[in-house]
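Engineer: entry_32.csv is reproduced below (CSV, N, CA and C atoms).
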```csv
chain,number,residue,atom,x,y,z
A,1445,MET,N,-20.7,-14.0,-1.2
A,1445,MET,CA,-20.6,-12.6,-1.4
A,1445,MET,C,-19.4,-11.9,-0.7
A,1446,SER,N,-19.1,-12.3,0.5
A,1446,SER,CA,-18.0,-11.7,1.3
A,1446,SER,C,-16.7,-12.1,0.7
A,1447,LYS,N,-16.6,-13.3,0.1
A,1447,LYS,CA,-15.3,-13.6,-0.6
A,1447,LYS,C,-15.0,-12.7,-1.7
A,1448,ILE,N,-16.0,-12.3,-2.5
A,1448,ILE,CA,-15.9,-11.4,-3.6
A,1448,ILE,C,-15.4,-10.1,-3.1
A,1449,ILE,N,-15.9,-9.6,-2.0
A,1449,ILE,CA,-15.5,-8.3,-1.5
A,1449,ILE,C,-14.0,-8.4,-1.0
A,1450,PHE,N,-13.6,-9.5,-0.3
A,1450,PHE,CA,-12.2,-9.6,0.1
A,1450,PHE,C,-11.3,-9.8,-1.1
A,1451,ASP,N,-11.7,-10.5,-2.1
A,1451,ASP,CA,-10.9,-10.6,-3.3
A,1451,ASP,C,-10.7,-9.2,-4.0
A,1452,LEU,N,-11.8,-8.5,-4.0
A,1452,LEU,CA,-11.8,-7.1,-4.6
A,1452,LEU,C,-10.8,-6.2,-3.8
A,1453,HIS,N,-10.9,-6.3,-2.5
A,1453,HIS,CA,-10.0,-5.5,-1.6
A,1453,HIS,C,-8.6,-5.9,-1.9
A,1454,THR,N,-8.3,-7.2,-2.0
A,1454,THR,CA,-6.9,-7.6,-2.2
A,1454,THR,C,-6.4,-7.1,-3.6
A,1455,ALA,N,-7.3,-7.2,-4.6
A,1455,ALA,CA,-6.9,-6.8,-5.9
A,1455,ALA,C,-6.7,-5.3,-6.0
A,1456,VAL,N,-7.5,-4.5,-5.3
A,1456,VAL,CA,-7.3,-3.0,-5.3
A,1456,VAL,C,-6.0,-2.7,-4.6
A,1457,LEU,N,-5.7,-3.3,-3.5
A,1457,LEU,CA,-4.4,-3.0,-2.8
A,1457,LEU,C,-3.3,-3.4,-3.7
A,1458,ALA,N,-3.3,-4.5,-4.4
A,1458,ALA,CA,-2.2,-4.9,-5.2
A,1458,ALA,C,-2.0,-4.0,-6.4
A,1459,ASP,N,-3.1,-3.5,-7.0
A,1459,ASP,CA,-3.0,-2.5,-8.0
A,1459,ASP,C,-2.4,-1.2,-7.5
A,1460,TYR,N,-2.9,-0.8,-6.4
A,1460,TYR,CA,-2.4,0.5,-5.8
A,1460,TYR,C,-0.9,0.3,-5.5
A,1461,ARG,N,-0.5,-0.8,-5.0
A,1461,ARG,CA,1.0,-1.0,-4.7
A,1461,ARG,C,1.8,-1.0,-6.0
A,1462,ASP,N,1.2,-1.6,-7.1
A,1462,ASP,CA,1.9,-1.5,-8.3
A,1462,ASP,C,2.1,-0.1,-8.9
A,1463,VAL,N,1.0,0.7,-8.7
A,1463,VAL,CA,1.1,2.1,-9.1
A,1463,VAL,C,2.2,2.8,-8.3
A,1464,VAL,N,2.2,2.7,-7.0
A,1464,VAL,CA,3.2,3.3,-6.2
A,1464,VAL,C,4.6,2.9,-6.6
A,1465,ALA,N,4.7,1.6,-6.8
A,1465,ALA,CA,6.0,1.0,-7.1
A,1465,ALA,C,6.5,1.5,-8.5
A,1466,SER,N,5.6,1.9,-9.4
A,1466,SER,CA,6.0,2.3,-10.7
A,1466,SER,C,6.7,3.7,-10.6
A,1467,PHE,N,6.6,4.4,-9.5
A,1467,PHE,CA,7.3,5.7,-9.4
A,1467,PHE,C,8.7,5.6,-9.0
A,1468,PHE,N,9.1,4.4,-8.5
A,1468,PHE,CA,10.5,4.2,-8.0
A,1468,PHE,C,11.3,3.5,-9.0
A,1469,HIS,N,12.4,4.1,-9.5
A,1469,HIS,CA,13.3,3.5,-10.4
A,1469,HIS,C,14.7,3.6,-9.7
A,1470,VAL,N,15.0,2.6,-8.9
A,1470,VAL,CA,16.2,2.6,-8.1
A,1470,VAL,C,17.3,1.8,-8.7
A,1471,ALA,N,18.5,2.4,-8.8
A,1471,ALA,CA,19.6,1.7,-9.4
A,1471,ALA,C,20.4,0.8,-8.4
A,1472,ASP,N,20.4,1.2,-7.2
A,1472,ASP,CA,21.1,0.4,-6.1
A,1472,ASP,C,20.2,-0.7,-5.7
A,1473,PRO,N,20.7,-2.0,-5.9
A,1473,PRO,CA,19.9,-3.1,-5.6
A,1473,PRO,C,19.5,-3.2,-4.1
A,1474,ARG,N,20.4,-2.7,-3.2
A,1474,ARG,CA,20.1,-2.7,-1.8
A,1474,ARG,C,18.9,-1.8,-1.5
A,1475,LEU,N,18.9,-0.6,-2.1
A,1475,LEU,CA,17.8,0.3,-1.9
A,1475,LEU,C,16.5,-0.2,-2.5
A,1476,GLN,N,16.7,-0.8,-3.7
A,1476,GLN,CA,15.5,-1.4,-4.3
A,1476,GLN,C,14.9,-2.5,-3.4
A,1477,GLU,N,15.7,-3.3,-2.8
A,1477,GLU,CA,15.2,-4.3,-1.9
A,1477,GLU,C,14.4,-3.7,-0.7
A,1478,PHE,N,15.0,-2.6,-0.2
A,1478,PHE,CA,14.3,-1.8,0.9
A,1478,PHE,C,13.0,-1.3,0.5
A,1479,VAL,N,12.9,-0.7,-0.7
A,1479,VAL,CA,11.6,-0.2,-1.2
A,1479,VAL,C,10.6,-1.3,-1.4
A,1480,ASP,N,11.1,-2.4,-2.0
A,1480,ASP,CA,10.2,-3.6,-2.2
A,1480,ASP,C,9.6,-4.1,-0.9
A,1481,ARG,N,10.5,-4.2,0.1
A,1481,ARG,CA,10.0,-4.7,1.4
A,1481,ARG,C,9.0,-3.7,2.0
A,1482,ALA,N,9.3,-2.4,1.9
A,1482,ALA,CA,8.4,-1.4,2.5
A,1482,ALA,C,7.0,-1.5,1.8
A,1483,LEU,N,7.0,-1.7,0.5
A,1483,LEU,CA,5.7,-1.7,-0.2
A,1483,LEU,C,5.0,-3.1,0.0
A,1484,ALA,N,5.8,-4.1,0.2
A,1484,ALA,CA,5.1,-5.4,0.4
A,1484,ALA,C,4.5,-5.4,1.8
A,1485,GLY,N,5.1,-4.7,2.8
A,1485,GLY,CA,4.5,-4.6,4.1
A,1485,GLY,C,3.3,-3.7,4.2
A,1486,GLU,N,3.1,-2.9,3.1
A,1486,GLU,CA,2.0,-2.0,3.0
A,1486,GLU,C,1.9,-1.0,4.1
A,1487,ALA,N,3.0,-0.8,4.9
A,1487,ALA,CA,3.0,0.1,6.0
A,1487,ALA,C,3.1,1.6,5.5
A,1488,HIS,N,3.6,1.8,4.4
A,1488,HIS,CA,3.8,3.2,3.9
A,1488,HIS,C,2.8,3.5,2.7
A,1489,LEU,N,1.8,2.8,2.5
A,1489,LEU,CA,0.9,3.0,1.4
A,1489,LEU,C,-0.1,4.0,1.7
A,1490,TRP,N,-0.5,4.2,3.0
A,1490,TRP,CA,-1.5,5.1,3.4
A,1490,TRP,C,-1.4,5.5,4.8
A,1491,HIS,N,-1.9,6.6,5.2
A,1491,HIS,CA,-1.9,7.0,6.6
A,1491,HIS,C,-2.8,6.2,7.5
A,1492,ASP,N,-2.5,6.3,8.8
A,1492,ASP,CA,-3.5,5.7,9.7
A,1492,ASP,C,-4.8,6.5,9.7
A,1493,PRO,N,-5.9,5.9,10.0
A,1493,PRO,CA,-7.2,6.6,10.0
A,1493,PRO,C,-7.2,7.8,11.0
A,1494,LEU,N,-7.8,8.9,10.6
A,1494,LEU,CA,-7.9,10.0,11.4
A,1494,LEU,C,-9.3,10.0,12.0
A,1495,LEU,N,-9.4,10.0,13.3
A,1495,LEU,CA,-10.7,10.0,14.0
A,1495,LEU,C,-10.8,11.3,14.8
A,1496,PRO,N,-11.3,12.4,14.3
A,1496,PRO,CA,-11.4,13.6,15.1
A,1496,PRO,C,-12.4,13.5,16.2
A,1497,VAL,N,-12.0,14.1,17.3
A,1497,VAL,CA,-12.9,14.1,18.5
A,1497,VAL,C,-13.6,15.5,18.5
A,1498,SER,N,-14.8,15.5,18.2
A,1498,SER,CA,-15.6,16.8,18.1
A,1498,SER,C,-17.0,16.5,18.7
A,1499,PRO,N,-17.4,17.4,19.5
A,1499,PRO,CA,-18.8,17.3,20.1
A,1499,PRO,C,-19.9,17.4,19.1
A,1500,SER,N,-19.6,18.1,18.0
A,1500,SER,CA,-20.6,18.2,16.9
A,1500,SER,C,-20.6,17.0,16.1
```
How does this structure look as structure tokens?
Structural biologist:
Amino acid sequence: MSKIIFDLHTAVLADYRDVVASFFHVADPRLQEFVDRALAGEAHLWHDPLLPVSPS
């Protein structure tokens, strides 16, 4: 069961990365390589989690 969940997680991330990449049409190959590396690293696909500190 857990393998299915991890496979689903991987598939969702890949689909999301493809959607984000579809917004970039870069003519300069150097810039396109930079965008591809950034998306492959997944560092810029979402924000870090926000954990608010609140007594309530």
Engineer: Nearest to A:Leu1483: which of A:Lys1447, A:Leu1495, A:Phe1467, A:Arg1461 is it, counting all atoms listed in the file?
Structural biologist: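 Looking at the shortest contact to A:Leu1483, the residue is A:Arg1461.
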Engineer: So how many Å separate atom N of A:Ala1471 and atom C of A:Ala1484, to one decimal?
Structural biologist: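 Between atom N of A:Ala1471 and atom C of A:Ala1484 the gap works out to 19.2 Å.
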Engineer: Atom CA of A:Leu1457 to atom CA of A:Val1470: how many Å, to one decimal?
Structural biologist: 22.0 Å
